[in-house]
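Next up, data.pdb (PDB, C-alpha atoms and all ligand atoms):
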```
ATOM      1  CA  MET A  23      87.895 101.647 114.283
ATOM      2  CA  LYS A  24      87.565 105.433 113.798
ATOM      3  CA  LEU A  25      84.024 106.360 114.653
ATOM      4  CA  ALA A  26      82.146 109.104 112.892
ATOM      5  CA  THR A  27      82.189 112.091 115.244
ATOM      6  CA  LEU A  28      79.047 113.790 116.456
ATOM      7  CA  THR A  29      77.808 116.697 114.364
ATOM      8  CA  ALA A  30      77.797 120.104 116.048
ATOM      9  CA  PRO A  31      73.984 120.114 116.520
ATOM     10  CA  ALA A  32      74.157 116.720 118.204
ATOM     11  CA  ARG A  33      76.920 117.945 120.480
ATOM     12  CA  ALA A  34      74.820 121.028 121.274
ATOM     13  CA  VAL A  35      71.893 118.775 122.166
ATOM     14  CA  LEU A  36      74.156 116.620 124.267
ATOM     15  CA  VAL A  37      75.605 119.667 126.092
ATOM     16  CA  GLY A  38      72.095 121.140 126.432
ATOM     17  CA  ALA A  39      70.855 117.918 128.025
ATOM     18  CA  LEU A  40      73.725 117.968 130.467
ATOM     19  CA  ALA A  41      73.111 121.654 131.366
ATOM     20  CA  ILE A  42      69.372 121.134 132.013
ATOM     21  CA  GLY A  43      70.127 118.004 133.975
ATOM     22  CA  GLY A  44      72.600 120.033 136.083
ATOM     23  CA  LEU A  45      70.140 122.872 137.256
ATOM     24  CA  PHE A  46      69.530 123.227 141.068
ATOM     25  CA  ALA A  47      66.580 124.795 143.187
ATOM     26  CA  ALA A  48      67.505 128.286 144.675
ATOM     27  CA  GLY A  49      68.003 128.428 148.547
ATOM     28  CA  ALA A  50      68.374 124.770 149.191
ATOM     29  CA  PRO A  51      71.879 123.585 150.017
ATOM     30  CA  ALA A  52      73.535 122.747 146.815
ATOM     31  CA  PRO A  53      73.723 118.953 146.558
ATOM     32  CA  ALA A  54      77.058 117.554 145.622
ATOM     33  CA  ALA A  55      77.559 118.303 141.928
ATOM     34  CA  THR A  56      77.001 114.985 140.197
ATOM     35  CA  ALA A  57      76.713 115.408 136.501
ATOM     36  CA  PRO A  58      74.337 112.832 134.976
ATOM     37  CA  THR A  59      75.960 110.157 132.915
ATOM     38  CA  PRO A  60      75.606 111.393 129.349
ATOM     39  CA  ALA A  61      73.726 109.184 126.953
ATOM     40  CA  PRO A  62      76.156 107.327 124.735
ATOM     41  CA  ALA A  63      76.847 109.404 121.650
ATOM     42  CA  LYS A  64      75.351 107.978 118.478
ATOM     43  CA  VAL A  65      78.239 107.131 116.169
ATOM     44  CA  LEU A  66      78.367 105.030 113.061
ATOM     45  CA  ALA A  67      81.138 102.490 112.586
ATOM     46  CA  ALA A  68      81.794 100.786 109.277
ATOM     47  CA  PRO A  69      80.715  97.136 109.130
ATOM     48  CA  ASP A  70      83.170  94.328 108.583
ATOM     49  CA  ILE A  71      83.237  93.425 104.880
ATOM     50  CA  SER A  72      82.847  89.671 104.518
ATOM     51  CA  LEU A  73      85.872  88.094 102.825
ATOM     52  CA  THR A  74      83.596  85.197 101.887
ATOM     53  CA  ASN A  75      81.312  87.558 100.002
ATOM     54  CA  VAL A  76      84.201  89.323  98.266
ATOM     55  CA  LYS A  77      85.691  85.990  97.183
ATOM     56  CA  ALA A  78      82.305  84.850  95.918
ATOM     57  CA  HIS A  79      82.415  87.805  93.528
ATOM     58  CA  LEU A  80      85.921  86.732  92.452
ATOM     59  CA  THR A  81      84.558  83.276  91.709
ATOM     60  CA  GLN A  82      81.812  84.814  89.583
ATOM     61  CA  PHE A  83      84.330  86.926  87.651
ATOM     62  CA  SER A  84      86.468  83.824  87.139
ATOM     63  CA  SER A  85      83.488  81.874  85.806
ATOM     64  CA  ILE A  86      82.572  84.758  83.526
ATOM     65  CA  ALA A  87      86.074  84.763  82.029
ATOM     66  CA  ALA A  88      86.054  80.982  81.613
ATOM     67  CA  ALA A  89      82.730  81.173  79.779
ATOM     68  CA  ASN A  90      83.892  83.995  77.510
ATOM     69  CA  GLY A  91      87.187  83.104  75.904
ATOM     70  CA  GLY A  92      89.275  83.268  79.091
ATOM     71  CA  ASN A  93      89.237  86.997  79.733
ATOM     72  CA  ARG A  94      87.173  90.040  80.731
ATOM     73  CA  ALA A  95      88.968  92.493  78.465
ATOM     74  CA  HIS A  96      87.634  95.669  76.886
ATOM     75  CA  GLY A  97      85.451  95.007  73.870
ATOM     76  CA  ARG A  98      85.168  91.281  74.588
ATOM     77  CA  PRO A  99      82.033  89.467  75.788
ATOM     78  CA  GLY A 100      83.568  88.735  79.186
ATOM     79  CA  TYR A 101      83.721  92.432  80.005
ATOM     80  CA  LEU A 102      80.047  93.148  79.307
ATOM     81  CA  ALA A 103      79.121  90.002  81.233
ATOM     82  CA  SER A 104      81.099  91.401  84.180
ATOM     83  CA  VAL A 105      79.198  94.702  83.936
ATOM     84  CA  ASN A 106      75.877  92.876  83.918
ATOM     85  CA  TYR A 107      76.847  90.812  86.962
ATOM     86  CA  VAL A 108      77.748  93.867  89.030
ATOM     87  CA  LYS A 109      74.737  95.847  87.784
ATOM     88  CA  GLY A 110      72.365  93.057  88.726
ATOM     89  CA  LYS A 111      73.619  92.997  92.298
ATOM     90  CA  LEU A 112      73.363  96.776  92.631
ATOM     91  CA  ASP A 113      69.903  97.070  91.083
ATOM     92  CA  ALA A 114      68.646  94.426  93.506
ATOM     93  CA  ALA A 115      70.178  96.384  96.401
ATOM     94  CA  GLY A 116      68.381  99.652  95.627
ATOM     95  CA  PHE A 117      71.070 101.591  93.800
ATOM     96  CA  THR A 118      70.321 103.883  90.871
ATOM     97  CA  THR A 119      72.568 102.492  88.156
ATOM     98  CA  SER A 120      73.565 103.745  84.728
ATOM     99  CA  VAL A 121      75.794 102.319  81.989
ATOM    100  CA  GLN A 122      77.900 104.799  80.054
ATOM    101  CA  GLN A 123      79.106 103.678  76.619
ATOM    102  CA  PHE A 124      82.309 104.800  74.907
ATOM    103  CA  THR A 125      84.441 103.573  72.018
ATOM    104  CA  SER A 126      88.100 102.653  72.102
ATOM    105  CA  GLY A 127      90.128 100.787  69.540
ATOM    106  CA  GLY A 128      87.012 100.366  67.418
ATOM    107  CA  ARG A 129      85.253  98.446  70.177
ATOM    108  CA  THR A 130      82.459  99.543  72.486
ATOM    109  CA  GLY A 131      83.328  99.986  76.161
ATOM    110  CA  TYR A 132      81.136 100.481  79.212
ATOM    111  CA  ASN A 133      81.366 102.249  82.553
ATOM    112  CA  LEU A 134      78.926 101.282  85.300
ATOM    113  CA  ILE A 135      77.887 104.039  87.705
ATOM    114  CA  ALA A 136      75.808 103.407  90.820
ATOM    115  CA  ASP A 137      74.339 106.118  93.047
ATOM    116  CA  TRP A 138      73.076 105.434  96.552
ATOM    117  CA  PRO A 139      69.914 107.581  96.869
ATOM    118  CA  GLY A 140      70.225 110.450  99.361
ATOM    119  CA  GLY A 141      73.008 112.492 100.843
ATOM    120  CA  ASP A 142      74.020 116.000  99.862
ATOM    121  CA  PRO A 143      74.167 116.121  96.050
ATOM    122  CA  ASN A 144      76.722 118.889  96.361
ATOM    123  CA  GLN A 145      79.114 116.647  98.282
ATOM    124  CA  ILE A 146      79.836 113.525  96.256
ATOM    125  CA  LEU A 147      82.142 110.847  97.623
ATOM    126  CA  MET A 148      82.972 108.222  94.999
ATOM    127  CA  ALA A 149      84.752 104.889  95.149
ATOM    128  CA  GLY A 150      85.755 102.971  92.028
ATOM    129  CA  ALA A 151      87.733 100.216  90.394
ATOM    130  CA  HIS A 152      88.436  99.169  86.847
ATOM    131  CA  LEU A 153      86.450  96.120  85.849
ATOM    132  CA  ASP A 154      88.371  95.133  82.723
ATOM    133  CA  SER A 155      91.183  92.596  82.530
ATOM    134  CA  VAL A 156      93.973  92.248  80.026
ATOM    135  CA  THR A 157      93.320  89.851  77.153
ATOM    136  CA  THR A 158      95.732  87.211  78.494
ATOM    137  CA  GLY A 159      93.617  86.154  81.468
ATOM    138  CA  ALA A 160      90.751  86.475  83.899
ATOM    139  CA  GLY A 161      92.315  89.440  85.743
ATOM    140  CA  ILE A 162      91.409  88.322  89.255
ATOM    141  CA  ASN A 163      93.916  90.396  91.199
ATOM    142  CA  ASP A 164      94.008  92.961  88.407
ATOM    143  CA  ASN A 165      91.324  93.988  88.945
ATOM    144  CA  ALA A 166      88.509  91.723  90.046
ATOM    145  CA  SER A 167      89.935  92.286  93.534
ATOM    146  CA  GLY A 168      89.209  96.013  93.514
ATOM    147  CA  SER A 169      85.919  95.573  91.660
ATOM    148  CA  ALA A 170      84.694  92.997  94.190
ATOM    149  CA  ALA A 171      85.742  95.060  97.207
ATOM    150  CA  VAL A 172      83.964  98.154  95.881
ATOM    151  CA  LEU A 173      80.867  96.077  95.040
ATOM    152  CA  GLU A 174      80.732  94.519  98.503
ATOM    153  CA  THR A 175      81.235  97.911 100.144
ATOM    154  CA  ALA A 176      78.323  99.289  98.132
ATOM    155  CA  LEU A 177      76.179  96.310  99.175
ATOM    156  CA  ALA A 178      77.148  96.951 102.796
ATOM    157  CA  VAL A 179      75.855 100.528 102.427
ATOM    158  CA  SER A 180      72.562  99.079 101.234
ATOM    159  CA  ARG A 181      72.370  96.448 104.007
ATOM    160  CA  ALA A 182      72.986  99.187 106.568
ATOM    161  CA  GLY A 183      70.228 101.338 105.057
ATOM    162  CA  LEU A 184      72.799 104.086 105.335
ATOM    163  CA  GLN A 185      71.668 107.719 105.298
ATOM    164  CA  PRO A 186      75.058 109.371 104.818
ATOM    165  CA  THR A 187      75.837 113.074 104.950
ATOM    166  CA  LYS A 188      77.470 112.945 101.553
ATOM    167  CA  HIS A 189      76.083 111.495  98.355
ATOM    168  CA  LEU A 190      77.766 108.119  97.750
ATOM    169  CA  ARG A 191      78.592 107.079  94.196
ATOM    170  CA  PHE A 192      80.387 103.939  93.002
ATOM    171  CA  GLY A 193      82.002 103.279  89.643
ATOM    172  CA  TRP A 194      83.364 100.351  87.642
ATOM    173  CA  TRP A 195      85.565 101.459  84.753
ATOM    174  CA  GLY A 196      86.078 100.002  81.308
ATOM    175  CA  ALA A 197      89.307  99.949  79.309
ATOM    176  CA  GLU A 198      91.644 100.956  82.109
ATOM    177  CA  GLU A 199      94.198  98.595  80.628
ATOM    178  CA  LEU A 200      94.122 100.563  77.380
ATOM    179  CA  GLY A 201      95.135 103.710  79.247
ATOM    180  CA  LEU A 202      92.454 104.806  81.738
ATOM    181  CA  VAL A 203      90.069 105.176  78.811
ATOM    182  CA  GLY A 204      86.784 104.577  80.635
ATOM    183  CA  SER A 205      87.447 106.736  83.671
ATOM    184  CA  ARG A 206      88.756 109.522  81.450
ATOM    185  CA  ALA A 207      85.611 109.332  79.355
ATOM    186  CA  TYR A 208      83.511 109.553  82.524
ATOM    187  CA  VAL A 209      85.303 112.568  83.955
ATOM    188  CA  SER A 210      85.288 114.279  80.558
ATOM    189  CA  SER A 211      81.514 113.809  80.366
ATOM    190  CA  LEU A 212      80.999 115.685  83.662
ATOM    191  CA  PRO A 213      80.187 119.392  83.378
ATOM    192  CA  SER A 214      82.652 121.433  85.422
ATOM    193  CA  ALA A 215      79.872 122.353  87.867
ATOM    194  CA  GLU A 216      79.361 118.634  88.530
ATOM    195  CA  ARG A 217      83.083 117.980  88.978
ATOM    196  CA  ALA A 218      83.158 120.726  91.603
ATOM    197  CA  LYS A 219      80.714 118.710  93.714
ATOM    198  CA  PHE A 220      83.178 115.827  94.191
ATOM    199  CA  ASP A 221      84.719 115.738  97.656
ATOM    200  CA  GLY A 222      86.885 112.805  96.691
ATOM    201  CA  TYR A 223      87.462 109.723  94.594
ATOM    202  CA  LEU A 224      88.839 106.512  96.146
ATOM    203  CA  ASN A 225      90.541 104.043  93.783
ATOM    204  CA  PHE A 226      91.067 100.316  94.318
ATOM    205  CA  ASP A 227      93.259  98.633  91.690
ATOM    206  CA  MET A 228      95.121  95.444  92.637
ATOM    207  CA  ILE A 229      94.362  95.034  96.353
ATOM    208  CA  GLY A 230      94.912  91.289  96.796
ATOM    209  CA  SER A 231      98.420  90.644  95.462
ATOM    210  CA  PRO A 232      99.738  87.249  96.601
ATOM    211  CA  ASN A 233     103.038  88.676  97.928
ATOM    212  CA  PRO A 234     101.404  91.849  99.176
ATOM    213  CA  GLY A 235     102.654  95.239 100.154
ATOM    214  CA  TYR A 236     100.338  97.751 101.795
ATOM    215  CA  PHE A 237     100.597 100.929  99.759
ATOM    216  CA  VAL A 238      98.516 104.046 100.334
ATOM    217  CA  TYR A 239      98.203 106.759  97.699
ATOM    218  CA  ASP A 240      99.536 110.089  98.974
ATOM    219  CA  ASP A 241      97.724 112.411  96.589
ATOM    220  CA  ASP A 242      95.263 113.919  99.121
ATOM    221  CA  PRO A 243      96.382 114.205 102.766
ATOM    222  CA  THR A 244      92.925 113.736 104.299
ATOM    223  CA  ILE A 245      92.181 110.591 102.330
ATOM    224  CA  GLU A 246      95.714 109.306 102.864
ATOM    225  CA  GLN A 247      95.425 109.800 106.622
ATOM    226  CA  THR A 248      92.066 108.048 106.699
ATOM    227  CA  PHE A 249      93.575 104.897 105.236
ATOM    228  CA  LYS A 250      96.716 105.170 107.386
ATOM    229  CA  THR A 251      94.569 105.469 110.512
ATOM    230  CA  TYR A 252      92.759 102.301 109.552
ATOM    231  CA  PHE A 253      95.946 100.309 109.048
ATOM    232  CA  ALA A 254      97.480 101.767 112.203
ATOM    233  CA  GLY A 255      94.472 100.341 114.026
ATOM    234  CA  LEU A 256      95.419  96.930 112.650
ATOM    235  CA  GLY A 257      99.088  97.424 113.528
ATOM    236  CA  VAL A 258      99.966  97.050 109.838
ATOM    237  CA  PRO A 259     102.647  99.438 108.549
ATOM    238  CA  THR A 260     102.016 101.114 105.206
ATOM    239  CA  GLU A 261     104.152 102.747 102.551
ATOM    240  CA  ILE A 262     103.336 105.524 100.159
ATOM    241  CA  GLU A 263     102.373 104.238  96.714
ATOM    242  CA  THR A 264     105.153 105.460  94.404
ATOM    243  CA  GLU A 265     104.395 103.621  91.158
ATOM    244  CA  GLY A 266     101.023 105.157  90.660
ATOM    245  CA  ASP A 267     101.173 108.579  89.131
ATOM    246  CA  GLY A 268      99.075 108.144  86.049
ATOM    247  CA  ARG A 269      99.005 104.392  86.507
ATOM    248  CA  SER A 270      95.365 103.914  87.418
ATOM    249  CA  ASP A 271      91.921 105.517  87.258
ATOM    250  CA  HIS A 272      92.454 107.955  90.100
ATOM    251  CA  ALA A 273      94.644 109.911  87.659
ATOM    252  CA  SER A 274      91.573 110.763  85.548
ATOM    253  CA  PHE A 275      89.991 112.436  88.591
ATOM    254  CA  LYS A 276      93.178 114.038  89.863
ATOM    255  CA  ASN A 277      93.765 115.585  86.445
ATOM    256  CA  VAL A 278      90.592 117.684  86.864
ATOM    257  CA  GLY A 279      91.351 118.707  90.454
ATOM    258  CA  ILE A 280      89.291 116.166  92.373
ATOM    259  CA  PRO A 281      90.950 114.937  95.594
ATOM    260  CA  VAL A 282      91.943 111.282  95.206
ATOM    261  CA  GLY A 283      93.272 108.411  97.253
ATOM    262  CA  GLY A 284      93.387 104.675  97.220
ATOM    263  CA  LEU A 285      95.114 101.424  98.034
ATOM    264  CA  PHE A 286      97.450  99.081  96.160
ATOM    265  CA  THR A 287      99.221  95.818  97.051
ATOM    266  CA  GLY A 288     101.803  95.855  94.265
ATOM    267  CA  ALA A 289     102.332  94.547  90.753
ATOM    268  CA  GLY A 290     105.515  93.538  88.955
ATOM    269  CA  ARG A 291     108.091  95.197  91.208
ATOM    270  CA  THR A 292     109.900  92.910  93.665
ATOM    271  CA  LYS A 293     109.490  93.016  97.428
ATOM    272  CA  THR A 294     112.623  94.055  99.333
ATOM    273  CA  THR A 295     114.040  92.427 102.454
ATOM    274  CA  ALA A 296     113.073  95.534 104.418
ATOM    275  CA  GLN A 297     109.493  95.142 103.222
ATOM    276  CA  VAL A 298     109.490  91.467 104.178
ATOM    277  CA  GLN A 299     110.486  92.563 107.678
ATOM    278  CA  LYS A 300     107.291  94.621 107.944
ATOM    279  CA  TRP A 301     104.862  92.571 105.887
ATOM    280  CA  GLY A 302     106.197  89.042 105.611
ATOM    281  CA  GLY A 303     106.177  87.333 102.255
ATOM    282  CA  THR A 304     109.108  86.678  99.930
ATOM    283  CA  SER A 305     111.933  89.088  99.170
ATOM    284  CA  GLY A 306     113.263  89.322  95.653
ATOM    285  CA  GLN A 307     109.853  88.129  94.369
ATOM    286  CA  ALA A 308     107.278  90.323  92.646
ATOM    287  CA  PHE A 309     104.296  91.474  94.682
ATOM    288  CA  ASP A 310     102.223  89.827  91.947
ATOM    289  CA  ARG A 311     104.159  87.318  89.782
ATOM    290  CA  CYS A 312     101.080  86.866  87.602
ATOM    291  CA  TYR A 313     100.633  90.538  86.769
ATOM    292  CA  HIS A 314      98.980  90.723  83.321
ATOM    293  CA  SER A 315      99.422  86.983  82.900
ATOM    294  CA  SER A 316      97.155  83.998  82.397
ATOM    295  CA  CYS A 317      97.967  82.854  85.956
ATOM    296  CA  ASP A 318      96.102  85.840  87.428
ATOM    297  CA  THR A 319      93.388  83.475  88.644
ATOM    298  CA  THR A 320      91.508  83.013  91.912
ATOM    299  CA  ALA A 321      94.672  81.270  93.193
ATOM    300  CA  ASN A 322      96.566  84.537  92.693
ATOM    301  CA  ILE A 323      95.110  86.260  95.748
ATOM    302  CA  SER A 324      96.250  86.894  99.320
ATOM    303  CA  ASP A 325      93.125  86.490 101.446
ATOM    304  CA  THR A 326      94.711  88.573 104.213
ATOM    305  CA  ALA A 327      95.455  91.474 101.890
ATOM    306  CA  LEU A 328      92.047  91.283 100.204
ATOM    307  CA  ASN A 329      90.282  91.186 103.564
ATOM    308  CA  ARG A 330      92.224  94.091 105.038
ATOM    309  CA  ASN A 331      91.809  96.275 101.958
ATOM    310  CA  SER A 332      88.100  95.511 101.598
ATOM    311  CA  ASP A 333      87.577  96.543 105.224
ATOM    312  CA  ALA A 334      89.729  99.623 104.632
ATOM    313  CA  ALA A 335      87.480 100.615 101.722
ATOM    314  CA  ALA A 336      84.377 100.445 103.904
ATOM    315  CA  TYR A 337      86.165 102.252 106.727
ATOM    316  CA  ALA A 338      87.034 105.129 104.388
ATOM    317  CA  ILE A 339      83.504 105.422 102.984
ATOM    318  CA  TRP A 340      82.017 105.576 106.482
ATOM    319  CA  ALA A 341      84.731 107.883 107.843
ATOM    320  CA  LEU A 342      84.656 110.336 104.929
ATOM    321  CA  GLY A 343      81.049 110.100 103.789
ATOM    322  CA  VAL A 344      78.755 109.314 106.651
TER     323      VAL A 344
HETATM  324  N1  LIG B 401      98.070 100.148  85.977
HETATM  325  C1  LIG B 401      97.520  99.112  86.840
HETATM  326  C2  LIG B 401      98.531  98.475  87.746
HETATM  327  C3  LIG B 401      99.324  99.466  88.505
HETATM  328  C4  LIG B 401     100.636  99.688  88.323
HETATM  329  N2  LIG B 401     101.048 100.630  89.222
HETATM  330  C5  LIG B 401      99.985 101.034  89.959
HETATM  331  C6  LIG B 401      99.886 101.942  90.982
HETATM  332  C7  LIG B 401      98.643 102.142  91.574
HETATM  333  C8  LIG B 401      97.531 101.428  91.120
HETATM  334  C9  LIG B 401      97.654 100.491  90.087
HETATM  335  C10 LIG B 401      98.877 100.301  89.527
HETATM  336  C11 LIG B 401      96.942  98.032  85.984
HETATM  337  O1  LIG B 401      97.714  97.325  85.323
HETATM  338  O2  LIG B 401      95.717  97.889  85.987
HETATM  339 ZN    ZN B 402      96.537  95.842  84.676
HETATM  340 ZN    ZN B 403      94.580  97.293  87.340
END
```
As a first step, turn the structure in this file into structure tokens.
Amino acid sequence: MKLATLTAPARAVLVGALAIGGLFAAGAPAPAATAPTPAPAKVLAAPDISLTNVKAHLTQFSSIAAANGGNRAHGRPGYLASVNYVKGKLDAAGFTTSVQQFTSGGRTGYNLIADWPGGDPNQILMAGAHLDSVTTGAGINDNASGSAAVLETALAVSRAGLQPTKHLRFGWWGAEELGLVGSRAYVSSLPSAERAKFDGYLNFDMIGSPNPGYFVYDDDPTIEQTFKTYFAGLGVPTEIETEGDGRSDHASFKNVGIPVGGLFTGAGRTKTTAQVQKWGGTSGQAFDRCYHSSCDTTANISDTALNRNSDAAAYAIWALGV
């Protein structure tokens, strides 16, 4: 697990402590030089994100869809119920939340934005996921998986009482399935001076596919390497995400020059035999056979993929933002 490195001042203090500890009295025979054992450096490692907690959010999203016509789509009651569920958890955890309204296709849509108080307001690190489903189903892999992982990562920040260097912001987007409508509305609403404060945006859309691949966006090299380092630590090979240009909400941020990255476990494309060699699963079968279908339920999830990607999300927030 990559540990946050010491800041320069802390290193200076550490070196200073060593130097003072190493001074000797003049005239006396110099004792054997035995540097004192340095105090262990204070580093912050990301917590493990509980798969149980993430799946509990999936169960809630599933129940919300079942109680609202079978979906969580833009402009339908299941979507607003999903927003209210996530907002309730974040408000209780000490986040400053706001709901941004927009209109698409004659229906009202909503983005949910949550700021963790503190950090440098001129260095914003954001993580997000689209919260809407298609109309044909509950949208558990697409994209309750990403929404739940981002929610649980935000809650982990709160549980840790984190005081990060950067200002942490989290977002849940509406109407992604209609063409990145919510995230585009959000970015468009930002004055250019505010956009310039973003150090990066991390996107999580479909991160629990049942026949998973481990794909890392290659848009920004620093963010890409952060995720690759995490998976290398697990001994899990990754591939560059090649489907994505314009295919999810990171495109809205990239289009205005904000560095982006993210993770993806695959949609309707089929897994090759070479990919089965590295990841297991079934060749000639789609990464997610229920993509945009009514069978995208809580049974349409790989626990291993969801667990790994949820932990990777937290790892990246701590590595890049703390
Ligand atoms: N557009 C997403 C699914 C999707 C397809 N290709 C990519 C690449 C990277 C992230 C997501 C996707 C959706 O249907 O929500
Ligand atoms: Zn989709
Ligand atoms: Zn999606």
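Shortest atom-to-atom contact with ligand ZN 402 (chain B) among A:Met228, A:Leu184, A:Ala171, A:Ala89: A:Met228, counting all atoms listed in the file.
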Query - Output of the PyMOL selection byres (((not hetatm)) within 8 of (chain B and resi 401)), listed as number ranges by chain - result: A: 152, 155, 164-165, 198-199, 225-228, 239, 263-271, 285-286, 288-290, 313-314
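Reported to one decimal place, the separation of atom CA of A:Gly100 from atom CA of A:Ser85 is 9.5 Å.
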Requested in this report: Go through the shown structure with the PyMOL selection byres (((chain A and resi 191-197) around 6) and not hetatm) and write out the matching residues as an MDAnalysis selection string.
Outcome: chainID A and resid 96 131:137 148:154 190 198:200 203:205
Report summary line: Using all atoms listed in the file, the best pick from A:Leu202, A:Ala103, A:Ala327, A:Leu73 as closest to ligand ZN 402 (chain B) would be A:Leu202
Report task. Please return, as number ranges by chain, all polymer residues that have at least one atom within 12 Å of the point (98.1, 104.5, 107.3); use all atoms listed in the file and the file's own coordinate frame. Result -> A: 236-240, 243-263, 283-285, 331, 334, 338
Report summary line: Counting only C-alpha atoms and all ligand atoms, closest pick from A:Pro234, A:Pro139, A:Gly161, A:Gly128 relative to ligand ZN 403 (chain B) is A:Gly161
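The environment of stretch 297-300 of chain A within 9 Å, counting only C-alpha atoms and disregarding residues fewer than 2 places along the same chain, consists of Gly235, Val258, Pro259, Thr260, Lys293, Thr294, Thr295, Gly302, Gly303, Thr304 and Ser305 of chain A.
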Need the axis-aligned box for stretch 323-338 of chain A with 5 Å each side, so what are the centre and edges in Å to one decimal, as JSON?
```
{"center_x": 90.3, "center_y": 95.7, "center_z": 101.2, "size_x": 21.9, "size_y": 28.9, "size_z": 21.0}
```
Requested in this report: List the neighbours of stretch 219-221 of chain A out to 8 Å using only C-alpha atoms; skip same-chain residues closer than 4 positions along the sequence, and give me the result as a VMD selection string.
Outcome: chain A and resid 143 to 148 215 280 to 281
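Here atom CA of A:Gly92 and atom CA of A:Gly159 stand 5.7 Å from one another.
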Query raised in the report: Using only C-alpha atoms, which residue out of A:Gly110, A:Gly183, A:Gly127, A:Gly230 lies closest to A:Gly140?
Result: A:Gly183
Report task. Select, from A:Ser169, A:Ser210, A:Asn233, A:Ser104, the residue with the minimum atom-to-atom distance to A:Gln82, counting all atoms listed in the file. Result -> A:Ser104
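Separating atom CA of A:Leu212 from atom CA of A:Thr119 is a distance of 16.3 Å.
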